$ cat protein-v6.tsv   # TSV, C-alpha atoms and all ligand atoms
chain	number	residue	atom	x	y	z
G	1	VAL	CA	0.00	0.00	0.00
G	2	THR	CA	1.48	3.36	-1.04
G	3	TYR	CA	0.09	6.22	1.04
G	4	THR	CA	-1.43	9.21	-0.75
G	5	GLY	CA	-0.88	11.78	2.00
G	6	ARG	CA	-4.64	12.16	2.54
G	7	TYR	CA	-4.73	10.57	6.00
G	8	THR	CA	-1.19	11.00	7.32
G	9	VAL	CA	1.74	13.14	6.22
G	10	ASP	CA	3.97	10.12	6.93
G	11	SER	CA	4.90	7.40	4.48
G	12	ARG	CA	4.07	3.87	5.66
G	13	ASP	CA	7.74	3.38	6.61
G	14	GLN	CA	7.77	6.61	8.63
G	15	LEU	CA	4.56	5.57	10.40
G	16	LEU	CA	6.04	2.12	11.13
G	17	ALA	CA	9.13	3.75	12.65
G	18	LYS	CA	7.00	5.90	14.98
G	19	ILE	CA	4.87	2.93	16.04
G	20	SER	CA	7.85	0.66	16.64
G	21	LYS	CA	9.20	3.19	19.16
G	22	GLN	CA	5.98	2.88	21.17
G	23	LEU	CA	5.66	-0.91	21.22
G	24	LYS	CA	7.56	-3.99	22.31
G	25	PRO	CA	8.55	-6.29	19.41
G	26	ALA	CA	5.72	-8.82	19.94
G	27	ARG	CA	3.09	-6.05	19.94
G	28	PHE	CA	4.71	-4.41	16.89
G	29	GLU	CA	4.46	-7.74	15.05
G	30	HIS	CA	0.78	-8.03	16.09
G	31	VAL	CA	-0.17	-4.64	14.66
G	32	GLN	CA	1.47	-5.53	11.34
G	33	ARG	CA	-0.54	-8.78	11.21
G	34	VAL	CA	-3.71	-6.83	12.00
G	35	GLU	CA	-2.81	-4.41	9.19
G	36	GLN	CA	-2.41	-7.23	6.65
G	37	THR	CA	-5.65	-8.90	7.77
G	38	ALA	CA	-7.47	-5.55	7.61
G	39	ILE	CA	-6.14	-4.87	4.09
G	40	GLN	CA	-7.47	-8.23	2.88
G	41	LEU	CA	-10.88	-7.55	4.43
G	42	ALA	CA	-10.94	-4.01	3.01
G	43	LYS	CA	-10.38	-5.40	-0.49
G	44	GLN	CA	-13.12	-7.99	0.02
G	45	TYR	CA	-15.65	-5.55	1.46
G	46	GLY	CA	-14.92	-2.48	-0.68
G	47	VAL	CA	-13.36	-0.33	2.03
G	48	ASN	CA	-10.49	2.16	1.49
G	49	VAL	CA	-7.34	0.02	1.70
G	50	GLU	CA	-5.08	2.91	2.81
G	51	LYS	CA	-7.39	3.68	5.75
G	52	ALA	CA	-7.45	-0.03	6.67
G	53	SER	CA	-3.64	-0.10	6.63
G	54	ILE	CA	-3.30	3.00	8.80
G	55	ALA	CA	-6.00	1.96	11.27
G	56	GLY	CA	-4.53	-1.55	11.57
G	57	LEU	CA	-1.04	-0.19	12.24
G	58	VAL	CA	-2.10	2.41	14.81
G	59	HIS	CA	-4.91	0.55	16.62
G	60	ASP	CA	-2.70	-0.45	19.61
G	61	TYR	CA	-0.41	2.63	19.42
G	62	ALA	CA	-1.12	3.55	23.08
G	63	LYS	CA	-1.25	0.02	24.50
G	64	GLN	CA	2.08	0.32	26.34
G	65	ARG	CA	1.63	3.80	27.81
G	66	PRO	CA	1.70	4.17	31.59
G	67	ASP	CA	-1.66	4.66	33.32
G	68	GLU	CA	-0.76	8.27	34.20
G	69	ASP	CA	-0.58	9.20	30.49
G	70	PHE	CA	-4.19	8.05	30.07
G	71	ILE	CA	-5.40	9.84	33.23
G	72	LYS	CA	-3.78	13.06	31.99
G	73	ALA	CA	-5.28	12.62	28.51
G	74	ILE	CA	-8.81	11.97	29.88
G	75	LYS	CA	-8.62	15.34	31.64
G	76	HIS	CA	-6.76	17.22	28.91
G	77	PHE	CA	-9.13	16.12	26.13
G	78	GLN	CA	-12.18	16.40	28.45
G	79	LEU	CA	-13.30	12.84	27.80
G	80	ASP	CA	-16.04	11.13	29.86
G	81	PRO	CA	-14.80	11.51	33.50
G	82	ASP	CA	-15.99	7.94	34.28
G	83	LEU	CA	-13.12	6.69	32.11
G	84	VAL	CA	-10.69	7.26	35.00
G	85	ASN	CA	-12.37	4.33	36.80
G	86	TRP	CA	-11.30	1.87	34.05
G	87	ASN	CA	-7.99	0.48	32.92
G	88	ASN	CA	-5.55	0.02	30.05
G	89	ALA	CA	-7.81	-2.52	28.29
G	90	ILE	CA	-10.49	0.16	27.86
G	91	TRP	CA	-8.21	3.22	27.61
G	92	HIS	CA	-5.81	2.16	24.87
G	93	GLY	CA	-8.55	2.36	22.22
G	94	ILE	CA	-10.91	5.09	23.43
G	95	VAL	CA	-8.26	7.38	24.90
G	96	GLY	CA	-5.52	6.10	22.60
G	97	ALA	CA	-7.39	7.59	19.63
G	98	GLU	CA	-6.85	11.08	21.08
G	99	LEU	CA	-3.12	10.40	21.51
G	100	ILE	CA	-2.93	9.20	17.90
G	101	LYS	CA	-4.71	12.36	16.75
G	102	SER	CA	-2.44	14.72	18.66
G	103	GLU	CA	0.88	12.86	18.30
G	104	LEU	CA	0.59	11.37	14.80
G	105	ASP	CA	-1.62	14.08	13.24
G	106	ILE	CA	-4.14	11.53	12.03
G	107	THR	CA	-7.47	13.38	12.00
G	108	ASP	CA	-9.71	11.16	9.86
G	109	GLU	CA	-12.64	10.35	12.16
G	110	ASP	CA	-13.34	7.05	10.42
G	111	ILE	CA	-9.81	5.88	11.28
G	112	LEU	CA	-10.03	7.32	14.81
G	113	ASP	CA	-13.43	5.66	15.42
G	114	ALA	CA	-12.02	2.32	14.27
G	115	VAL	CA	-9.31	2.70	16.93
G	116	ARG	CA	-11.78	3.93	19.57
G	117	TYR	CA	-14.07	0.96	19.16
G	118	HIS	CA	-11.59	-1.83	18.40
G	119	THR	CA	-11.81	-3.29	21.95
G	120	THR	CA	-15.41	-2.69	23.07
G	121	GLY	CA	-17.15	-2.31	19.75
G	122	ASN	CA	-19.89	0.30	19.52
G	123	ARG	CA	-23.61	0.52	18.76
G	124	TYR	CA	-22.74	2.11	15.44
G	125	MET	CA	-19.61	0.95	13.62
G	126	THR	CA	-18.55	1.86	10.09
G	127	LYS	CA	-17.37	-0.95	7.83
G	128	LEU	CA	-13.79	0.15	8.58
G	129	ALA	CA	-14.44	-0.11	12.34
G	130	GLN	CA	-15.99	-3.56	11.86
G	131	ILE	CA	-12.92	-4.64	9.86
G	132	ILE	CA	-10.43	-3.49	12.53
G	133	TYR	CA	-12.54	-5.07	15.29
G	134	MET	CA	-12.50	-8.40	13.42
G	135	ALA	CA	-8.90	-8.19	12.16
G	136	ASP	CA	-7.67	-7.74	15.74
G	137	TYR	CA	-9.64	-10.86	16.75
G	138	ILE	CA	-8.67	-13.18	13.88
G	139	GLU	CA	-5.13	-12.11	12.83
G	140	PRO	CA	-3.07	-15.22	11.99
G	141	ALA	CA	-1.36	-15.58	15.40
G	142	ARG	CA	-4.65	-15.59	17.35
G	143	ASP	CA	-5.34	-19.03	18.77
G	144	PHE	CA	-8.40	-19.63	20.96
G	145	ASP	CA	-11.48	-21.83	20.93
G	146	GLY	CA	-13.73	-20.41	18.25
G	147	VAL	CA	-11.13	-18.50	16.22
G	148	GLU	CA	-11.66	-20.71	13.16
G	149	LYS	CA	-15.41	-20.10	13.34
G	150	ALA	CA	-14.70	-16.35	13.69
G	151	ARG	CA	-12.44	-16.46	10.59
G	152	LEU	CA	-15.08	-18.30	8.56
G	153	LEU	CA	-17.84	-15.90	9.63
G	154	THR	CA	-15.64	-12.88	8.86
G	155	SER	CA	-15.14	-14.15	5.31
G	156	GLN	CA	-18.91	-14.57	4.91
G	157	SER	CA	-20.51	-11.62	6.74
G	158	LEU	CA	-18.90	-8.79	8.70
G	159	GLU	CA	-22.11	-8.19	10.67
G	160	LEU	CA	-22.46	-11.82	11.77
G	161	ALA	CA	-18.77	-11.87	12.66
G	162	VAL	CA	-19.06	-8.72	14.79
G	163	ALA	CA	-22.01	-10.31	16.58
G	164	TYR	CA	-20.03	-13.50	17.15
G	165	GLN	CA	-17.02	-11.73	18.66
G	166	THR	CA	-19.20	-9.45	20.80
G	167	LYS	CA	-21.11	-12.38	22.29
G	168	HIS	CA	-18.01	-14.49	22.92
G	169	THR	CA	-16.01	-11.64	24.46
G	170	LEU	CA	-18.91	-10.85	26.80
G	171	LEU	CA	-19.23	-14.53	27.76
G	172	TYR	CA	-15.47	-14.63	28.45
G	173	LEU	CA	-15.62	-11.50	30.63
G	174	LEU	CA	-18.62	-12.85	32.59
G	175	GLU	CA	-16.98	-16.24	33.13
G	176	ASN	CA	-13.89	-14.48	34.52
G	177	ASN	CA	-15.81	-12.11	36.83
G	178	GLN	CA	-14.51	-9.07	34.92
G	179	ARG	CA	-16.17	-5.66	35.03
G	180	ILE	CA	-18.19	-4.98	31.87
G	181	TYR	CA	-17.63	-1.55	30.33
G	182	PRO	CA	-21.07	-0.06	29.48
G	183	LYS	CA	-20.16	0.34	25.83
G	184	THR	CA	-19.52	-3.41	25.66
G	185	ILE	CA	-23.16	-3.95	26.74
G	186	ASP	CA	-24.37	-1.37	24.20
G	187	THR	CA	-22.48	-3.25	21.50
G	188	TYR	CA	-24.04	-6.53	22.60
G	189	ASN	CA	-27.56	-5.05	22.52
G	190	ALA	CA	-27.03	-3.48	19.10
G	191	TRP	CA	-25.42	-6.42	17.34
G	192	VAL	CA	-26.32	-9.73	18.98
G	193	PRO	CA	-30.04	-10.19	19.70
G	194	GLN	CA	-31.31	-9.55	16.15
G	195	SER	CA	-28.60	-11.74	14.62
G	196	GLY	CA	-30.30	-14.88	15.96
G	201	LIG	P1	-5.39	-6.34	22.08
G	201	LIG	O1	-5.18	-4.90	22.45
G	201	LIG	O2	-4.92	-6.64	20.69
G	201	LIG	O3	-4.79	-7.29	23.08
G	201	LIG	O4	-6.95	-6.65	22.09
G	201	LIG	P2	-8.24	-5.75	22.48
G	201	LIG	O5	-7.91	-4.31	22.41
G	201	LIG	O6	-9.35	-6.22	21.61
G	201	LIG	O7	-8.62	-6.20	23.95
G	201	LIG	C1	-7.91	-5.83	25.10
G	201	LIG	C2	-8.54	-6.50	26.32
G	201	LIG	O8	-9.75	-5.83	26.70
G	201	LIG	C3	-8.94	-7.96	26.12
G	201	LIG	O9	-8.33	-8.74	27.15
G	201	LIG	C4	-10.47	-7.96	26.29
G	201	LIG	O10	-10.95	-9.15	26.87
G	201	LIG	C5	-10.65	-6.77	27.22
G	201	LIG	N1	-12.02	-6.19	27.23
G	201	LIG	C6	-12.86	-5.98	26.20
G	201	LIG	N2	-14.05	-5.46	26.63
G	201	LIG	C7	-13.95	-5.35	27.98
G	201	LIG	C8	-14.85	-4.91	29.02
G	201	LIG	O11	-16.00	-4.51	28.80
G	201	LIG	N3	-14.40	-4.97	30.31
G	201	LIG	C9	-13.13	-5.40	30.62
G	201	LIG	N4	-12.79	-5.44	31.90
G	201	LIG	N5	-12.25	-5.81	29.67
G	201	LIG	C10	-12.65	-5.80	28.37
G	202	FE	FE	-6.16	-3.38	21.42
G	203	FE	FE	-9.98	-6.93	19.87
G	204	FE	FE	-4.71	-5.40	18.92
$ encode --input "protein-v6.tsv" --output "structure tokens" --more "lines below"
Ligand code: GDP
Ligand code: FE
Ligand code: FE
Ligand code: FE
Amino acid sequence: VTYTGRYTVDSRDQLLAKISKQLKPARFEHVQRVEQTAIQLAKQYGVNVEKASIAGLVHDYAKQRPDEDFIKAIKHFQLDPDLVNWNNAIWHGIVGAELIKSELDITDEDILDAVRYHTTGNRYMTKLAQIIYMADYIEPARDFDGVEKARLLTSQSLELAVAYQTKHTLLYLLENNQRIYPKTIDTYNAWVPQSG
């Protein structure tokens, strides 16, 4: 993918260099696998391939920031004050998008929304956001019960695949006595019941 300059002033190589400084090697490898998976899905589903590449590469940009960076950003960008009661799992997407915007100068809201909602999903998700949500779940190194079913569904129907992941993530969180972020419930209500 050759970048046009529409969504970032950086070339792909320049963007990769910035991301690699933020992430440990294993996480840097993961985001490149998510990028490649997202590009394939973008081609299949008629989504802008450059946006899929950028969103895939940046989706975990903030994953290895210290908690204090997120607390500061929640205040500085005047995000929902309840966010301070959560943790890295929730912050790195929703708050991470603001760090990407300010530090990488990526302002396309479709890309930023795909980052925001890659962990919890959202009631409304663009096709790009659905692709990043699924690519993160099914990239080639993912290995969990149900990943093959998730890969098959993703190749057949993005909507059914989003519903599948949302239901199985919620089941996993419940089984492990984890707190459920309200947006995760919203995503469940929007995507799962009507999918049968
Ligand atoms: P990764 O960044 O590539 O590892 O993957 P994700 O960003 O998709 O997920 C990060 C973590 O957030 C995973 O361990 C999910 O199980 C967890 N997660 C997703 N939704 C919720 C939620 O509502 N509550 C909590 N506590 N964790 C969640
Ligand atoms: Fe993530
Ligand atoms: Fe995910
Ligand atoms: Fe990820």
$ residues_near_ligand --input "protein-v6.tsv" --ligand "ligand FE 204 (chain G)" --cutoff "7 Å" --atoms "all atoms listed in the file" --output "list in words"
His30, Val31, His59, Asp60 and Asp136 of chain G
$ atom_distance --input "protein-v6.tsv" --atom1 "atom N4 of ligand LIG 201 (chain G)" --atom2 "CA of Thr154 (chain G)"
24.4 Å
$ residues_near_ligand --input "protein-v6.tsv" --ligand "ligand LIG 201 (chain G)" --cutoff "7 Å" --atoms "only C-alpha atoms and all ligand atoms" --output "PyMOL selection string"
chain G and resi 60+63+89-90+93+118-120+136-137+169+173+178-182+184
$ atom_distance --input "protein-v6.tsv" --atom1 "CA of Leu41 (chain G)" --atom2 "CA of Lys149 (chain G)"
16.0 Å
$ residues_near_point --input "protein-v6.tsv" --point "(0.9, -2.3, 18.5)" --cutoff "12 Å" --atoms "all atoms listed in the file" --output "ChimeraX atom specification"
/G:15-35,54-65,92-93,96,115,136
$ write_last_selection --input "protein-v6.tsv" --atoms "C-alpha atoms" --output "short mmCIF file (atom, residue, chain, number, x, y, z; two decimals), in the coordinates of the input"
data_model
loop_
_atom_site.label_atom_id
_atom_site.label_comp_id
_atom_site.auth_asym_id
_atom_site.auth_seq_id
_atom_site.Cartn_x
_atom_site.Cartn_y
_atom_site.Cartn_z
CA LEU G 15 4.56 5.57 10.40
CA LEU G 16 6.04 2.12 11.13
CA ALA G 17 9.13 3.75 12.65
CA LYS G 18 7.00 5.90 14.98
CA ILE G 19 4.87 2.93 16.04
CA SER G 20 7.85 0.66 16.64
CA LYS G 21 9.20 3.19 19.16
CA GLN G 22 5.98 2.88 21.17
CA LEU G 23 5.66 -0.91 21.22
CA LYS G 24 7.56 -3.99 22.31
CA PRO G 25 8.55 -6.29 19.41
CA ALA G 26 5.72 -8.82 19.94
CA ARG G 27 3.09 -6.05 19.94
CA PHE G 28 4.71 -4.41 16.89
CA GLU G 29 4.46 -7.74 15.05
CA HIS G 30 0.78 -8.03 16.09
CA VAL G 31 -0.17 -4.64 14.66
CA GLN G 32 1.47 -5.53 11.34
CA ARG G 33 -0.54 -8.78 11.21
CA VAL G 34 -3.71 -6.83 12.00
CA GLU G 35 -2.81 -4.41 9.19
CA ILE G 54 -3.30 3.00 8.80
CA ALA G 55 -6.00 1.96 11.27
CA GLY G 56 -4.53 -1.55 11.57
CA LEU G 57 -1.04 -0.19 12.24
CA VAL G 58 -2.10 2.41 14.81
CA HIS G 59 -4.91 0.55 16.62
CA ASP G 60 -2.70 -0.45 19.61
CA TYR G 61 -0.41 2.63 19.42
CA ALA G 62 -1.12 3.55 23.08
CA LYS G 63 -1.25 0.02 24.50
CA GLN G 64 2.08 0.32 26.34
CA ARG G 65 1.63 3.80 27.81
CA HIS G 92 -5.81 2.16 24.87
CA GLY G 93 -8.55 2.36 22.22
CA GLY G 96 -5.52 6.10 22.60
CA VAL G 115 -9.31 2.70 16.93
CA ASP G 136 -7.67 -7.74 15.74
#
$ closest_residue --input "protein-v6.tsv" --among "G:Phe144, G:Tyr45, G:Phe77, G:Tyr124" --to "Lys183 (chain G)" --atoms "all atoms listed in the file"
G:Tyr124
$ axis_aligned_box --input "protein-v6.tsv" --around "region 163-169 of chain G" --padding-each-side "4 Å" --output "JSON"
{"center_x": -19.0, "center_y": -12.0, "center_z": 20.5, "size_x": 14.0, "size_y": 13.0, "size_z": 15.9}
$ atom_distance --input "protein-v6.tsv" --atom1 "CA of Lys51 (chain G)" --atom2 "CA of Arg6 (chain G)"
9.5 Å
$ closest_residue --input "protein-v6.tsv" --among "G:Asp110, G:Asn189, G:Leu170, G:Lys75" --to "Val47 (chain G)" --atoms "all atoms listed in the file"
G:Asp110
$ residues_around --input "protein-v6.tsv" --residues "Val9 (chain G)" --least-positions-apart "5" --cutoff "10 Å" --atoms "only C-alpha atoms" --output "VMD selection string"
chain G and resid 3 to 4 14 to 15 104 to 106
$ closest_residue --input "protein-v6.tsv" --among "G:Gln194, G:Thr107, G:Asn122, G:Asn88" --to "ligand FE 202 (chain G)" --atoms "only C-alpha atoms and all ligand atoms"
G:Asn88
$ closest_residue --input "protein-v6.tsv" --among "G:Asn48, G:Ser53, G:Asn87, G:Thr37" --to "Ser11 (chain G)" --atoms "only C-alpha atoms"
G:Ser53
$ residues_around --input "protein-v6.tsv" --residues "Val49 (chain G)" --least-positions-apart "5" --cutoff "8 Å" --atoms "only C-alpha atoms" --output "compact mmCIF listing (two decimals) with C-alpha atoms, in the frame of the given file"
# COMPACT_ATOMS: atom_id res chain seq x y z
CA VAL G 1 0.00 0.00 0.00
CA ILE G 39 -6.14 -4.87 4.09
CA ALA G 42 -10.94 -4.01 3.01
CA LYS G 43 -10.38 -5.40 -0.49
$ closest_residue --input "protein-v6.tsv" --among "G:Glu98, G:Asp69, G:Asp145, G:Glu139" --to "Val84 (chain G)" --atoms "only C-alpha atoms"
G:Asp69
$ closest_residue --input "protein-v6.tsv" --among "G:Lys101, G:Glu175, G:Met134, G:Glu68" --to "ligand FE 202 (chain G)" --atoms "only C-alpha atoms and all ligand atoms"
G:Met134
$ decode --input "protein-v6.tsv" --residues "region 55-70 of chain G" --atoms "N, CA, C and O atoms" --output "PDB file, in the first residue's frame"
ATOM      1  N   ALA G  55      -5.269   2.310  10.048  1.00  0.00           N
ATOM      2  CA  ALA G  55      -6.005   1.958  11.273  1.00  0.00           C
ATOM      3  C   ALA G  55      -5.449   0.676  11.892  1.00  0.00           C
ATOM      4  O   ALA G  55      -5.306   0.576  13.116  1.00  0.00           O
ATOM      5  N   GLY G  56      -5.115  -0.306  11.057  1.00  0.00           N
ATOM      6  CA  GLY G  56      -4.533  -1.545  11.569  1.00  0.00           C
ATOM      7  C   GLY G  56      -3.205  -1.284  12.270  1.00  0.00           C
ATOM      8  O   GLY G  56      -2.954  -1.799  13.359  1.00  0.00           O
ATOM      9  N   LEU G  57      -2.358  -0.464  11.652  1.00  0.00           N
ATOM     10  CA  LEU G  57      -1.041  -0.192  12.238  1.00  0.00           C
ATOM     11  C   LEU G  57      -1.131   0.601  13.535  1.00  0.00           C
ATOM     12  O   LEU G  57      -0.353   0.370  14.457  1.00  0.00           O
ATOM     13  N   VAL G  58      -2.068   1.537  13.624  1.00  0.00           N
ATOM     14  CA  VAL G  58      -2.101   2.414  14.814  1.00  0.00           C
ATOM     15  C   VAL G  58      -3.037   1.921  15.917  1.00  0.00           C
ATOM     16  O   VAL G  58      -3.046   2.501  17.007  1.00  0.00           O
ATOM     17  N   HIS G  59      -3.816   0.834  15.679  1.00  0.00           N
ATOM     18  CA  HIS G  59      -4.913   0.547  16.619  1.00  0.00           C
ATOM     19  C   HIS G  59      -4.437   0.326  18.065  1.00  0.00           C
ATOM     20  O   HIS G  59      -5.143   0.677  19.004  1.00  0.00           O
ATOM     21  N   ASP G  60      -3.239  -0.230  18.253  1.00  0.00           N
ATOM     22  CA  ASP G  60      -2.703  -0.454  19.610  1.00  0.00           C
ATOM     23  C   ASP G  60      -1.558   0.507  19.942  1.00  0.00           C
ATOM     24  O   ASP G  60      -0.737   0.225  20.828  1.00  0.00           O
ATOM     25  N   TYR G  61      -1.501   1.647  19.247  1.00  0.00           N
ATOM     26  CA  TYR G  61      -0.414   2.631  19.421  1.00  0.00           C
ATOM     27  C   TYR G  61      -0.164   2.967  20.900  1.00  0.00           C
ATOM     28  O   TYR G  61       0.975   3.114  21.331  1.00  0.00           O
ATOM     29  N   ALA G  62      -1.258   3.091  21.685  1.00  0.00           N
ATOM     30  CA  ALA G  62      -1.124   3.552  23.076  1.00  0.00           C
ATOM     31  C   ALA G  62      -1.097   2.411  24.096  1.00  0.00           C
ATOM     32  O   ALA G  62      -1.074   2.658  25.299  1.00  0.00           O
ATOM     33  N   LYS G  63      -1.075   1.177  23.612  1.00  0.00           N
ATOM     34  CA  LYS G  63      -1.246   0.016  24.501  1.00  0.00           C
ATOM     35  C   LYS G  63      -0.195  -0.046  25.601  1.00  0.00           C
ATOM     36  O   LYS G  63      -0.459  -0.558  26.692  1.00  0.00           O
ATOM     37  N   GLN G  64       1.020   0.464  25.349  1.00  0.00           N
ATOM     38  CA  GLN G  64       2.075   0.321  26.343  1.00  0.00           C
ATOM     39  C   GLN G  64       2.409   1.619  27.077  1.00  0.00           C
ATOM     40  O   GLN G  64       3.458   1.741  27.705  1.00  0.00           O
ATOM     41  N   ARG G  65       1.469   2.567  27.047  1.00  0.00           N
ATOM     42  CA  ARG G  65       1.634   3.800  27.813  1.00  0.00           C
ATOM     43  C   ARG G  65       1.340   3.545  29.289  1.00  0.00           C
ATOM     44  O   ARG G  65       0.474   2.744  29.616  1.00  0.00           O
ATOM     45  N   PRO G  66       2.027   4.279  30.162  1.00  0.00           N
ATOM     46  CA  PRO G  66       1.701   4.166  31.590  1.00  0.00           C
ATOM     47  C   PRO G  66       0.299   4.731  31.883  1.00  0.00           C
ATOM     48  O   PRO G  66      -0.175   5.617  31.157  1.00  0.00           O
ATOM     49  N   ASP G  67      -0.311   4.220  32.951  1.00  0.00           N
ATOM     50  CA  ASP G  67      -1.660   4.661  33.319  1.00  0.00           C
ATOM     51  C   ASP G  67      -1.750   6.183  33.422  1.00  0.00           C
ATOM     52  O   ASP G  67      -2.760   6.781  33.048  1.00  0.00           O
ATOM     53  N   GLU G  68      -0.695   6.816  33.975  1.00  0.00           N
ATOM     54  CA  GLU G  68      -0.765   8.268  34.200  1.00  0.00           C
ATOM     55  C   GLU G  68      -0.933   9.047  32.891  1.00  0.00           C
ATOM     56  O   GLU G  68      -1.547  10.110  32.888  1.00  0.00           O
ATOM     57  N   ASP G  69      -0.389   8.540  31.795  1.00  0.00           N
ATOM     58  CA  ASP G  69      -0.582   9.203  30.489  1.00  0.00           C
ATOM     59  C   ASP G  69      -2.071   9.229  30.119  1.00  0.00           C
ATOM     60  O   ASP G  69      -2.571  10.219  29.584  1.00  0.00           O
ATOM     61  N   PHE G  70      -2.762   8.120  30.395  1.00  0.00           N
ATOM     62  CA  PHE G  70      -4.191   8.050  30.068  1.00  0.00           C
ATOM     63  C   PHE G  70      -5.009   8.969  30.977  1.00  0.00           C
ATOM     64  O   PHE G  70      -5.913   9.659  30.512  1.00  0.00           O
TER      65      PHE G  70
END
